[in-house]
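Structure data follow from entry_39.cif (mmCIF, C-alpha atoms and all ligand atoms):
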data_target
loop_
_atom_site.label_atom_id
_atom_site.label_comp_id
_atom_site.auth_asym_id
_atom_site.auth_seq_id
_atom_site.Cartn_x
_atom_site.Cartn_y
_atom_site.Cartn_z
CA MET A 14 138.55 -95.90 81.33
CA SER A 15 141.10 -97.34 78.90
CA LYS A 16 144.36 -97.83 80.76
CA PRO A 17 146.76 -94.90 80.31
CA THR A 18 150.40 -95.61 79.48
CA PRO A 19 153.06 -94.54 81.97
CA SER A 20 155.77 -92.20 80.68
CA GLU A 21 158.26 -94.30 82.65
CA ILE A 22 158.33 -97.50 84.68
CA ARG A 23 160.89 -97.94 87.43
CA SER A 24 161.62 -100.42 90.14
CA LEU A 25 162.73 -99.35 93.61
CA SER A 26 164.92 -101.56 95.77
CA THR A 27 162.15 -102.00 98.33
CA LEU A 28 160.56 -105.11 99.81
CA CYS A 29 157.07 -104.36 98.55
CA ILE A 30 156.03 -100.73 98.06
CA GLY A 31 157.24 -99.35 94.74
CA ARG A 32 158.93 -102.52 93.50
CA SER A 33 157.02 -101.46 90.47
CA LEU A 34 156.67 -97.69 90.10
CA TRP A 35 154.68 -96.18 87.25
CA LEU A 36 155.29 -92.51 86.49
CA PHE A 37 152.84 -90.33 84.59
CA ASP A 38 153.19 -86.73 83.41
CA GLN A 39 149.41 -86.48 83.42
CA ILE A 40 146.65 -88.81 84.49
CA GLU A 41 142.99 -88.57 85.45
CA SER A 42 143.57 -89.79 89.01
CA THR A 43 146.26 -92.08 90.38
CA ASN A 44 143.67 -93.58 92.75
CA THR A 45 141.26 -94.35 89.93
CA LEU A 46 143.93 -96.22 87.96
CA ALA A 47 145.18 -98.07 91.05
CA LEU A 48 141.63 -99.18 91.86
CA GLU A 49 141.21 -100.47 88.33
CA LEU A 50 144.44 -102.45 88.63
CA GLY A 51 143.14 -103.86 91.91
CA ASN A 52 141.69 -106.82 90.05
CA ASP A 53 145.10 -108.49 89.92
CA PRO A 54 147.01 -109.45 93.12
CA ALA A 55 150.22 -109.50 91.04
CA ASN A 56 150.03 -105.71 91.32
CA ASP A 57 150.64 -105.84 95.09
CA GLY A 58 152.89 -102.93 96.06
CA LEU A 59 152.46 -101.09 92.77
CA ALA A 60 153.02 -97.34 93.17
CA ILE A 61 151.57 -94.83 90.73
CA LEU A 62 153.02 -91.35 90.71
CA ALA A 63 151.80 -88.42 88.60
CA LYS A 64 153.02 -84.89 87.98
CA ALA A 65 149.46 -83.74 87.30
CA GLN A 66 145.91 -85.08 87.63
CA SER A 67 142.91 -83.90 85.63
CA ALA A 68 140.39 -85.39 88.07
CA GLY A 69 142.21 -85.83 91.38
CA ARG A 70 139.87 -86.99 94.10
CA GLY A 71 139.76 -86.01 97.76
CA GLN A 72 137.78 -87.06 100.80
CA TYR A 73 134.01 -86.66 100.94
CA GLY A 74 133.75 -86.61 97.12
CA ARG A 75 135.79 -83.41 96.83
CA THR A 76 138.26 -82.74 94.04
CA TRP A 77 142.00 -82.50 94.70
CA VAL A 78 143.61 -79.83 92.58
CA SER A 79 147.34 -79.16 92.27
CA GLU A 80 149.59 -77.38 89.78
CA PRO A 81 151.71 -79.75 87.63
CA GLY A 82 154.88 -80.84 89.45
CA SER A 83 153.99 -79.04 92.68
CA SER A 84 153.00 -82.07 94.74
CA VAL A 85 153.49 -85.71 95.42
CA LEU A 86 150.44 -87.31 93.79
CA LEU A 87 150.82 -90.94 94.74
CA SER A 88 148.71 -94.07 94.98
CA VAL A 89 149.90 -97.37 96.36
CA LEU A 90 147.98 -100.54 95.60
CA LEU A 91 148.06 -103.33 98.19
CA PHE A 92 146.41 -106.66 98.84
CA PRO A 93 147.05 -106.64 102.58
CA PRO A 94 146.66 -109.63 104.87
CA GLU A 95 143.53 -109.53 107.02
CA ALA A 96 145.12 -107.80 110.02
CA LEU A 97 146.20 -104.87 107.85
CA ARG A 98 142.98 -104.37 105.92
CA ARG A 99 141.43 -102.00 108.42
CA THR A 100 141.19 -98.46 107.15
CA ALA A 101 142.41 -97.18 110.54
CA VAL A 102 145.65 -99.12 110.12
CA MET A 103 146.18 -98.10 106.49
CA THR A 104 145.40 -94.44 107.15
CA THR A 105 147.66 -94.27 110.18
CA TRP A 106 150.48 -96.05 108.37
CA ALA A 107 150.39 -93.52 105.53
CA ALA A 108 150.01 -90.44 107.77
CA VAL A 109 152.85 -91.49 110.07
CA ALA A 110 155.13 -92.22 107.10
CA VAL A 111 154.39 -88.76 105.66
CA GLY A 112 155.19 -87.24 109.06
CA GLU A 113 158.52 -89.05 109.25
CA VAL A 114 159.50 -87.98 105.74
CA ILE A 115 158.61 -84.35 106.48
CA LEU A 116 160.76 -84.49 109.60
CA GLY A 117 163.68 -86.02 107.69
CA LEU A 118 163.53 -83.51 104.83
CA THR A 119 162.61 -80.28 106.62
CA GLY A 120 163.37 -80.86 110.30
CA LEU A 121 159.76 -79.90 111.08
CA GLN A 122 157.37 -81.98 113.17
CA ALA A 123 154.07 -82.78 111.51
CA LYS A 124 150.86 -83.48 113.38
CA ILE A 125 148.05 -85.79 112.32
CA LYS A 126 144.59 -84.26 112.29
CA TRP A 127 142.08 -87.05 112.69
CA PRO A 128 141.48 -89.04 110.60
CA ASN A 129 144.00 -88.48 107.85
CA ASP A 130 145.27 -84.97 107.34
CA VAL A 131 148.88 -84.10 107.98
CA LEU A 132 149.52 -80.60 109.28
CA VAL A 133 152.70 -78.64 109.76
CA GLN A 134 152.51 -75.50 111.86
CA GLY A 135 148.73 -75.78 111.70
CA LYS A 136 148.56 -75.87 107.88
CA LYS A 137 147.37 -78.91 105.95
CA VAL A 138 150.20 -80.10 103.73
CA CYS A 139 148.90 -83.58 102.98
CA GLY A 140 145.63 -85.41 102.52
CA ILE A 141 145.12 -89.15 102.32
CA LEU A 142 142.33 -91.01 100.55
CA ILE A 143 141.96 -94.73 101.24
CA GLU A 144 139.72 -96.69 98.86
CA GLN A 145 139.01 -100.40 98.77
CA ARG A 146 137.43 -102.81 96.34
CA THR A 147 136.67 -106.49 96.28
CA THR A 148 138.66 -108.60 93.84
CA GLY A 149 136.63 -111.78 93.48
CA ASN A 150 139.81 -113.69 94.36
CA ALA A 151 139.34 -115.86 97.48
CA ASP A 152 143.02 -115.65 98.46
CA PHE A 153 143.23 -111.87 98.08
CA PRO A 154 139.64 -110.70 98.54
CA LEU A 155 140.29 -107.01 99.08
CA ALA A 156 142.44 -104.50 97.23
CA THR A 157 143.33 -101.32 99.09
CA VAL A 158 144.47 -98.10 97.45
CA ILE A 159 146.27 -95.54 99.55
CA GLY A 160 146.17 -92.17 97.81
CA ILE A 161 148.48 -89.47 99.10
CA GLY A 162 148.55 -85.84 98.01
CA LEU A 163 151.47 -83.96 99.57
CA ASN A 164 152.05 -80.29 98.74
CA VAL A 165 155.73 -79.66 98.09
CA THR A 166 156.60 -76.52 96.11
CA GLN A 167 153.58 -74.16 96.30
CA THR A 168 154.16 -70.70 97.73
CA SER A 169 152.10 -69.05 100.49
CA GLN A 170 150.81 -66.60 97.85
CA HIS A 171 149.51 -69.53 95.83
CA PHE A 172 147.37 -70.71 98.74
CA GLU A 173 146.22 -67.16 99.47
CA SER A 174 145.08 -66.57 95.91
CA ALA A 175 143.47 -70.01 95.78
CA ARG A 176 141.56 -69.01 98.95
CA LEU A 177 143.03 -71.89 100.89
CA PRO A 178 144.21 -70.15 104.04
CA THR A 179 144.57 -73.40 105.99
CA ALA A 180 146.73 -75.14 103.37
CA GLY A 181 150.52 -75.15 103.14
CA SER A 182 153.35 -76.87 101.34
CA LEU A 183 156.76 -78.04 102.46
CA PHE A 184 158.22 -74.99 100.71
CA SER A 185 155.73 -72.44 102.05
CA ILE A 186 156.38 -73.64 105.59
CA SER A 187 160.05 -74.61 105.66
CA ASN A 188 161.41 -72.48 102.81
CA LYS A 189 163.21 -75.61 101.60
CA ARG A 190 163.24 -76.16 97.85
CA LEU A 191 162.47 -79.81 97.42
CA ASP A 192 161.64 -81.73 94.30
CA SER A 193 158.29 -83.57 94.36
CA GLU A 194 159.72 -86.68 92.72
CA SER A 195 162.53 -87.10 95.21
CA VAL A 196 160.11 -86.46 98.11
CA ALA A 197 157.94 -89.21 96.63
CA GLU A 198 160.88 -91.58 96.52
CA HIS A 199 161.71 -90.92 100.19
CA LEU A 200 158.07 -91.50 101.01
CA LEU A 201 157.94 -94.81 99.17
CA HIS A 202 160.98 -96.07 101.08
CA GLN A 203 159.47 -94.92 104.39
CA LEU A 204 156.14 -96.59 103.58
CA ASP A 205 157.97 -99.78 102.69
CA GLU A 206 159.98 -99.84 105.91
CA GLU A 207 156.88 -99.38 108.05
CA TYR A 208 154.76 -101.80 106.01
CA ALA A 209 157.42 -104.48 106.56
CA ARG A 210 157.15 -103.85 110.30
CA LEU A 211 153.38 -104.27 110.16
CA LEU A 212 153.69 -107.47 108.14
CA GLU A 213 155.92 -108.82 110.93
CA GLY A 214 153.08 -108.14 113.37
CA ASP A 215 154.56 -105.06 115.03
CA PHE A 216 151.66 -102.62 115.44
CA ASN A 217 153.01 -101.06 118.62
CA THR A 218 155.62 -98.90 116.90
CA LEU A 219 153.02 -97.43 114.55
CA GLU A 220 150.55 -96.89 117.40
CA ALA A 221 153.18 -95.04 119.43
CA MET A 222 154.05 -92.77 116.50
CA TRP A 223 150.35 -92.21 115.82
CA LYS A 224 149.66 -91.16 119.41
CA TRP A 225 152.60 -88.79 119.36
CA ARG A 226 151.63 -87.19 116.06
CA LEU A 227 147.98 -86.80 117.17
CA GLY A 228 149.28 -84.99 120.24
CA LEU A 229 145.96 -85.17 122.09
CA LEU A 230 146.47 -87.75 124.85
CA GLY A 231 145.31 -86.42 128.21
CA ARG A 232 143.61 -83.43 126.56
CA GLN A 233 139.94 -82.44 126.60
CA VAL A 234 138.61 -83.47 123.20
CA ILE A 235 135.43 -83.82 121.21
CA VAL A 236 134.75 -87.12 119.49
CA GLU A 237 132.31 -87.12 116.60
CA THR A 238 130.75 -90.28 115.21
CA ARG A 239 127.91 -90.61 112.70
CA THR A 240 125.39 -90.44 115.51
CA GLU A 241 126.92 -88.51 118.40
CA LYS A 242 129.34 -85.84 119.54
CA ILE A 243 130.91 -86.47 122.91
CA ALA A 244 133.25 -84.35 125.00
CA GLY A 245 135.75 -85.80 127.44
CA ARG A 246 139.38 -86.48 128.22
CA LEU A 247 141.32 -88.60 125.73
CA MET A 248 142.79 -91.44 127.79
CA GLU A 249 144.08 -93.81 125.09
CA VAL A 250 144.28 -94.17 121.32
CA GLY A 251 145.12 -97.37 119.51
CA PHE A 252 143.79 -99.74 116.90
CA ASP A 253 141.77 -101.41 119.71
CA GLY A 254 139.96 -98.21 120.37
CA VAL A 255 139.74 -94.58 121.31
CA TYR A 256 139.03 -94.23 125.05
CA ILE A 257 137.43 -91.12 126.44
CA GLU A 258 136.75 -90.28 130.05
CA GLY A 259 133.34 -88.71 129.64
CA ASP A 260 132.45 -85.48 131.38
CA GLU A 261 129.89 -87.47 133.39
CA GLY A 262 132.62 -89.96 134.43
CA GLY A 263 133.15 -93.50 133.11
CA LEU A 264 135.34 -94.66 130.26
CA LEU A 265 133.80 -94.61 126.80
CA HIS A 266 135.17 -96.78 124.00
CA PHE A 267 134.97 -96.07 120.27
CA GLU A 268 136.23 -98.20 117.44
CA PRO A 269 138.68 -95.96 115.50
CA GLU A 270 136.76 -96.50 112.24
CA ARG A 271 133.61 -95.12 113.92
CA VAL A 272 135.31 -91.87 114.86
CA LEU A 273 134.78 -89.36 112.06
CA HIS A 274 136.50 -86.45 113.79
CA LEU A 275 138.49 -85.96 116.93
CA TRP A 276 139.70 -82.53 117.95
CA GLU A 277 140.84 -80.61 120.97
CA ALA A 278 138.01 -78.88 122.84
CA THR A 279 138.63 -75.19 123.31
CA ARG A 280 137.68 -74.15 126.80
C1 LIG B 301 141.91 -85.24 101.04
O1 LIG B 301 140.83 -84.86 100.61
O2 LIG B 301 142.46 -84.69 102.00
C2 LIG B 301 142.58 -86.43 100.41
C3 LIG B 301 143.27 -86.05 99.15
C4 LIG B 301 143.97 -87.19 98.46
C5 LIG B 301 144.57 -86.75 97.15
C6 LIG B 301 145.42 -87.81 96.53
S1 LIG B 301 146.41 -87.17 95.24
C7 LIG B 301 146.88 -88.78 94.78
C8 LIG B 301 145.65 -89.65 94.90
N1 LIG B 301 144.86 -89.62 93.67
C9 LIG B 301 143.69 -89.01 93.86
O3 LIG B 301 142.83 -88.85 92.97
N2 LIG B 301 143.55 -88.64 95.13
C10 LIG B 301 144.70 -89.00 95.93
#
What would you get if you wrote out this structure as structure tokens?
Ligand code: BTN
Amino acid sequence: MSKPTPSEIRSLSTLCIGRSLWLFDQIESTNTLALELGNDPANDGLAILAKAQSAGRGQYGRTWVSEPGSSVLLSVLLFPPEALRRTAVMTTWAAVAVGEVILGLTGLQAKIKWPNDVLVQGKKVCGILIEQRTTGNADFPLATVIGIGLNVTQTSQHFESARLPTAGSLFSISNKRLDSESVAEHLLHQLDEEYARLLEGDFNTLEAMWKWRLGLLGRQVIVETRTEKIAGRLMEVGFDGVYIEGDEGGLLHFEPERVLHLWEATR
């Protein structure tokens, strides 16, 4: 792909995320461009924001479709130090930041649906797509792209007619009229604040927020990995692992990256 030209370039007063912010009216996919720019560590912290995407990408090879201007369509490009390269850390960081911004702007509490959906009142308002590539640079071997699609202005009728009954937007849920660009700016500042905390080595704050927004500690859950589906009580969640007290007794440990899905068991 030949590199598209941003309609505007801005610089936020952040430590890292969005120091350089490229805005597009229309682009193929913010993630695709960010991945391409992942060959140059000088692009660390670059944020790419689009009003519309012609080939937005979602998880599991799905497409991500949104009406122009209706959503935050954002990708952040990072060359994180080793401790932050794990997808579990990156995903959680983004999902928690989205949750905090939603709380600040609407007063509503968002929940995280494992691994990386953000729900408000049971409706998915945000999806996150983490992609990584090698750089060939020994000092910065891995580029990580954090793609965030956050529905802002769509109406409930829009989701009904699009046959997306489980989707929502900040407007459809809170009735607050927010502007996607200013939501994006809040999000970039939030991401920056929490990234700085991670760079200082503080993972505990993020883990605590993650646990709270998952809302499943102590509950009967089902854990699904590539090879098994296990029921039990969720005893602990952290970057060290997901701990389940199995129905047969005994504590089972799963690396977070191995857990594809985690949901509350209905009795
Ligand atoms: C999901 O499937 O839930 C994840 C969706 C991620 C969509 C965002 S929109 C901005 C960025 N660019 C893309 O092409 N995808 C992500």
Edge lengths and centre in Å to one decimal, as JSON, is what I'm after for the box along x, y and z that holds all listed atoms of segment 87-93 of chain A once 3 Å is added on each side.
{"center_x": 148.6, "center_y": -98.8, "center_z": 98.7, "size_x": 10.4, "size_y": 21.7, "size_z": 13.8}
Tell me which protein, DNA and RNA residues are within 10 Å of Leu219 of chain A, counting all atoms listed in the file, leaving out same-chain ones fewer than 3 positions away, and put them as a PyMOL selection string. chain A and resi 102+105-106+109-110+207-208+210-211+215-216+222-225+251-252
Quick one: residues within 9 Å of ligand LIG 301 (chain B), with only C-alpha atoms and all ligand atoms, as a ChimeraX atom specification? /A:41-47,61-63,66-79,84-89,129-131,137,139-143,158-163
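Between atom CA of Arg232 of chain A and atom CA of Ala180 of chain A the separation is 24.8 Å.
Here atom CA of Arg99 of chain A stands at a distance of 21.0 Å from atom CA of Thr240 of chain A.
The smallest atom-to-atom distance between Leu90 of chain A and any of A:Ile30, A:Ala151, A:Ile257, A:Ala221, using all atoms listed in the file, is found for A:Ile30.
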Name the residues in contact with Glu80 of chain A at a cut-off of 9 Å, using all atoms listed in the file, excluding same-chain residues fewer than 6 positions from it; report them as a PyMOL selection string. chain A and resi 64-66+167
What's around Lys136 of chain A at 6 Å? Count only C-alpha atoms, leave out sequence neighbours fewer than 3 positions away in its own chain, and write the answer as a PyMOL selection string. chain A and resi 132-133+179-181
Nearest to Gln39 of chain A: which of A:Thr218, A:Thr168, A:Thr18, A:Asn52 is it, counting all atoms listed in the file? A:Thr18
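Note that atom CA of Trp35 of chain A and atom CA of Ala101 of chain A are 26.3 Å apart.
Each of A:Gly263, A:Pro269, A:Pro81, A:Pro94 was compared to Glu237 of chain A using all atoms listed in the file, and A:Pro269 turns out to be the nearest.
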Shell of 10 Å around Val234 of chain A, only C-alpha atoms, local chain residues under 4 positions omitted, as JSON, numbers by chain: {"A": [229, 230, 243, 244, 245, 246, 247, 257, 258, 259, 275, 276, 277, 278, 279]}
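You can rank A:Glu194, A:Asp205, A:Glu213, A:Glu49 by their closest distance to Thr147 of chain A using only C-alpha atoms, and at the top of that list sits A:Glu49.
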List as a list in words the protein and nucleic acid residues near Arg32 of chain A, meaning an atom at most 9 Å away when all atoms listed in the file are counted, but skip any in the same chain fewer than 3 places from it. Arg23, Ser24, Leu25, Ser26, Thr27, Leu28, Cys29, Gly58, Leu59 and Ala60 of chain A
For those residues, write C-alpha atoms to a file as an mmCIF file, keeping the file's coordinate frame.
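Just written: again_23.cif:
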data_model
loop_
_atom_site.group_PDB
_atom_site.id
_atom_site.type_symbol
_atom_site.label_atom_id
_atom_site.label_comp_id
_atom_site.auth_asym_id
_atom_site.auth_seq_id
_atom_site.Cartn_x
_atom_site.Cartn_y
_atom_site.Cartn_z
ATOM 1 C CA ARG A 23 160.890 -97.940 87.430
ATOM 2 C CA SER A 24 161.620 -100.420 90.140
ATOM 3 C CA LEU A 25 162.730 -99.350 93.610
ATOM 4 C CA SER A 26 164.920 -101.560 95.770
ATOM 5 C CA THR A 27 162.150 -102.000 98.330
ATOM 6 C CA LEU A 28 160.560 -105.110 99.810
ATOM 7 C CA CYS A 29 157.070 -104.360 98.550
ATOM 8 C CA GLY A 58 152.890 -102.930 96.060
ATOM 9 C CA LEU A 59 152.460 -101.090 92.770
ATOM 10 C CA ALA A 60 153.020 -97.340 93.170
#
Using all atoms listed in the file, which residue out of A:Gly31, A:Ser185, A:Gly254, A:Leu227 lies closest to His171 of chain A? A:Ser185
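Each of A:Asp192, A:Ala209, A:Ser182, A:Ala175 was checked against Pro93 of chain A using all atoms listed in the file; the smallest atom-to-atom distance is that of A:Ala209.
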